[in-house]
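Peer 1: Have a look at the structure that comes next, please.
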Amino acid sequence: MVKEYNIVITGVGGQGILTAANLLGWTALREGYKVRVGEVHGMSQRFGSVISYVRFGENVYGAMVPEGKADVILSFEPVEALRYINYLKKGGLVFTNSRPIWPVQVSMGLAKYPSHEEIKRIVEEDFEAKYISFDAENLAKEAGNVISTNVVLIGALTQTPDFPLSPETIREVIKVSVSPKVIELNLKAFELGLKKANSLL
Amino acid sequence: MAKVTDLVLLNKPNEKILLLGNHAIARGALEAGIAVFAAYPGTPSSELTDTIAAIAKDAGVYMEYSTNEKVAFETALSASWSGLRSMTAMKHVGLNVAADSFMSAVGMGVEGGFVIMVADDPSMWSSQNEQDTRVFAKFANVPVLEPMSVQEAKDMTKYAFEISEKYKHMVILRTTTRSSHMRGDVTLGELPEEIINKKRRLGSFEKNPKRFVDIPAHSRNFHPKILENIEKIRTEFNNSPFNWIEGEGKIGIITSGLSYAYVKEALSWLNIENVKILKLGTPFPVPLGLVEKFMKGLEKVLIVEELEPVVEEQIKFWAYDKQLNIPIYGKNIVPRIFEMDTKRAVIAISKFLNLETPLNFEKLEESYNNINSSLPPRPPSLCPACPHRNTFFAINKATKKNAILPSDIGCYTLGVLPPLNAVDTTVAMGGSIGIAHGLSIALNGALNEEIENKKDTQLIVATIGDSTFYHTGLPAIANAIYNRSNVIIVVVDNEITAMTGDQPNPGTGDTPHGSGKRIPIENIVEAMGADFVEVVNPYNIKKTTEVVKKAMEIDGVRVIISRQVCALHRVGQMKRKGIKLPVFTVNTDKCTGCRICINTFGCPAISWDNETKKAKIVPTMCWGCGSCIQVCPYGAFEVAKEAE
């Protein structure tokens with residue numbers, strides 16, 4: 001069992017980030033780990049930038065992943081991966097949904113949204129990390145509902161090299177966590193994300 | 001990952017589950033056999049309150065959403081006086097509201113265990129300041145417990161009731177955003193029979209004016225007793241299961257609450273083993289017997305705590321009296337502002353021991369700052385379909401931006417951000433009306449004053465939410481009406497306490513135990529004698545603008561109730577019922593690309609298409625209110641299709 005594993009989940013409030021973090025937390029608990037999940041509730045949940053942490057292992061005490069110690073960043077929105085890139089360890093991995101959500105100030109013309117190439121370059125060159133992006137929202141739609149985007153991304157996360165949690169345990173947790181009528185949909189979303197990431201790595 | 005209510009009521013002692021800190025405190029309160037709980041919600045304390053509300057009937061607990069923290073405090077206090085274990089919860093600034101009763105009641109003591117959960121917010125994730133409740137506790141001479149894990153949060157809650165009852169003294173359980181909103185593994189304890197059997201317990205009150213009436217003749221007896229009690233509790237804390245010494249060496253680190261977690265992680269990151277740690281769960285009163293034992297043989301000591309030097313001051317005070325001549329580091333190297341974390345602990349310990357940090361944090365920060373400064377900011381925003389946006393839009397339109405706009409604490413504070421820019425001041429709950437009144441007096445004078453060479457009247461339009469209005473807006477509006485103020489007060493009434501998670505309030509009418517009595521705001525202000533009272537639905541922007549203009553035509557205290565249920569609440573309910581929302585779209589033939597929708601209204605669902613140079617709607621974010629139709633002068637928005 002690993003002594004410390006750190007996942008940072010980022011995105012925009014309302015994208016299902018807390019649910020994803022909770023699901024991973026329960027999976028780690030089921031596999032016998034000591035678990036910490038860090039969340040911020042309240043005002044920042046209102047369409048603002050959101051960060052959540054999932055950590056497990058004997059050496060883990062606090063809820064927050066220390067800067068420079070995340071094994072992987074799972075991002076629901078491209079620019080949000082970059083906003084928290086300081087958490088990633090050298091040689092870490094970024095999985096991101098490729099669909100940008102423009103902040104109001106970008107629409108107003110007061111700020112610029114970086115290009116996809118630029119985001120990739122910064123992650124790979126400045127932070128010496130691996131960057132993988134794909135349209136998770138599209139896969140969620142293929143699974144049956146855009147709401148399952150977070151489960152698509154969790155499917156992808158399991159393909160991180162040396163990822164300590166087993167996909168089978170995640171499937172078990174999904175089955176007991178979501179309402180019976182959407183179990184199939186979520187399992188499908190999970191498989192789609194898993195396969196997609198596998199093909200990209 | 002079962003439902004929270006099922007988890008908190010799970011009758012399986014020794015079962016290990018994952019719980020949020022606040023849920024664990026709810027469980028701890030149940031394990032302690034709590035009978036009465038009263039609170040006003042406030043981030044980061046709200047999940048505790050909501051969990052107790054959700055399980056109240058199933059656990060035989062009386063729970064109420066009180067109108068403010070002071071009322072909640074008094075409700076729970078008198079339940080304790082009646083022999084029942086009782087609890088209240090609030091955010092740190094809530095204790096300021098409760099402070100009048102809190103400070104005076106300490107010496108009256110308790111009967112049933114009485115625990116005040118106060119959730120601090122270092123770094124201000126959802127708050128207006130970052131005050132440290134441990135300072136407040138010390139000021140009031142109330143013992144304070146602070147957990148370092150979710151397990152401790154649960155266990156400490158039960159312990160807090162026991163200590164409170166043993167010493168007949170109220171106890172504060174202090175959390176922070178991180179301990180309240182951290183999920184962690186928890187091993188459950190036993191639930192008492194009364195909770196399992198849903199037995200609602202009633203208390204009995206014995207009259208004792210010498211104790212319960214704080215006239216000076218009685219109160220003079222309180223203070224010596226309080227100090228005597230605190231010293232007894234200090235001694236008790238030498239043996240508290242939440243205070244311990246671990247490790248060996250000549251170097252010592254003293255740490256309290258969640259800072260212990262960061263110290264442990266920092267030491268492991270730095271590969272340091274020969275350090276002696278004094279872990280404290282009771283930052284006030286610090287157990288000096290344990291401190292004395294810990295200090296023996298040490299050459300130097302570092303105190304790691306978040307925010308104020310509460311532990312540090314007590315220990316340095318003690319060390320001076322003991323003529324202890326070793327260096328004690330604290331706030332000279334541990335930051336006093338913002339929240340503690342592992343990085344900060346690593347940097348402090350490295351300084352303390354003259355070591356290199358395992359990562360070059362300065363270099364990391366530098367390269368990160370370069371990137372971060374180029375990223376588009378993404379502050380939180382009002383939701384799509386939020387009625388507050390419409391109200392602000394109408395105020396801006398009616399006043400032509402010539403008004404001063406005091407506002408208040410709630411989601412609508414976000415009206416400060418562009419493009420609305422419709423909030424000029426906020427201070428504290430209910431502050432909008434007092435500030436608006438003060439500005440009116442300072443800039444215009446009261447309506448019953450005779451002022452020579454009077455300038456044009458400065459228009460002042462305050463906004464305040466429904467829950468905030470009941471919380472502390474009531475005395476302020478009575479003051480404004482009585483003192484002949486000249487202001488417009490717009491109550492942005494979304495019929496719920498939205499910011500903290502959709503709690504009911506007197507405008508909603510519901511309570512956790514069934515129907516309460518609904519108190520319409522228009523009835524209150526009419527009874528108080530407001531000069532103008534009108535209710536309007538902000539989803540009708542034109543009508544709302546007209547009502548504001550109509551109010552601008554007269555003098556006096558004019559109250560507009562802008563009423564439309566919270567969109568997040570409404571949409572959530574619709575989704576649960578499977579009701580589909582209409583989704584809007586942009587007709588690109590009609591859109592001129594003028595950006596009026598983006599630059600004056602700012603719904604997060606409306607975005608800019610760089611290729612077509614026209615507005616577009618992000619279908620997954622549109623909640624179908626159709627307000628954009630009223631905003632666009634060219635009729636470019638129309639209903640698209642059924643939502644997914």
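We name chains A, B, ... following the order of the structure tokens; residues begin at 1 in each chain, and ligands are numbered from 1 as shown.
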Using only C-alpha atoms and a distance of at most 8 Å, pull out the residues of chain B that contact chain A, as a PyMOL selection string.
Peer 2: chain B and resi 1-2+17-18+43-44+125-126+149+177-179+181-185+258+261-262+264-265+268+341-343+359+364-365+367-368+371-372+375-383+411+418+499-501+595+598-599+602-604+607-608+644
Peer 1: Just the helix (DSSP H, G or I) stuff from stretch 422-514 of chain B, please, per backbone DSSP, written as a PyMOL selection string.
Peer 2: chain B and resi 431-443+466-482
Peer 1: Pull the strand (DSSP E) assignments for stretch 440-529 of chain B out of DSSP run on the backbone, and list those residues as an MDAnalysis selection string.
Peer 2: chainID B and resid 461:465 487:493 510:511 514:515
Peer 1: Between atom CA of B:Gln323 and atom CA of B:Glu292, what is the distance, to one decimal in Å?
Peer 2: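 Atom CA of B:Gln323 sits 12.0 Å away from atom CA of B:Glu292.
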Peer 1: Please list as a list in words every residue within 10 Å of B:Ile488, counting only C-alpha atoms and excluding residues in the same chain fewer than 3 positions away.
Peer 2: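 Within the cut-off, the hits are Leu405, Ile433, Ala436, His437, Leu459, Ile460, Val461, Ala462, Thr463, Ser485, Val491, Asp531, Phe532, Val548, Ala551, Met552, Ile554, Asp555, Gly556, Val557, Arg558, Val559 and Ile560 of chain B.
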Peer 1: What does the distance between atom CA of B:Ile25 and atom CA of B:Lys12 come to in Å, to one decimal place?
Peer 2: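 So the answer is 16.8 Å.
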Peer 1: Rounded to one decimal place, report the atom CA of B:Ala119-atom CA of B:Leu145 distance in Å.
Peer 2: 11.6 Å
Peer 1: What's the 10 Å shell around stretch 131-138 of chain A, counting only C-alpha atoms, without same-chain residues fewer than 6 positions away, as a ChimeraX atom specification?
Peer 2: /A:73-78,81,92-99,116,119-124,144-153,156,189,192-193,196-197,200-201
Peer 1: Please provide the set of residues having any atom within 6 Å of stretch 239-244 of chain B, restricted to only C-alpha atoms, with same-chain residues fewer than 6 positions apart removed, written as a PyMOL selection string.
Peer 2: chain B and resi 278-281
Peer 1: Which polymer residues have any atom within 7 Å of an atom of A:Gln159, counting only C-alpha atoms, with same-chain residues fewer than 4 positions away left out, as a VMD selection string?
Peer 2: chain A and resid 163 194 197 to 198
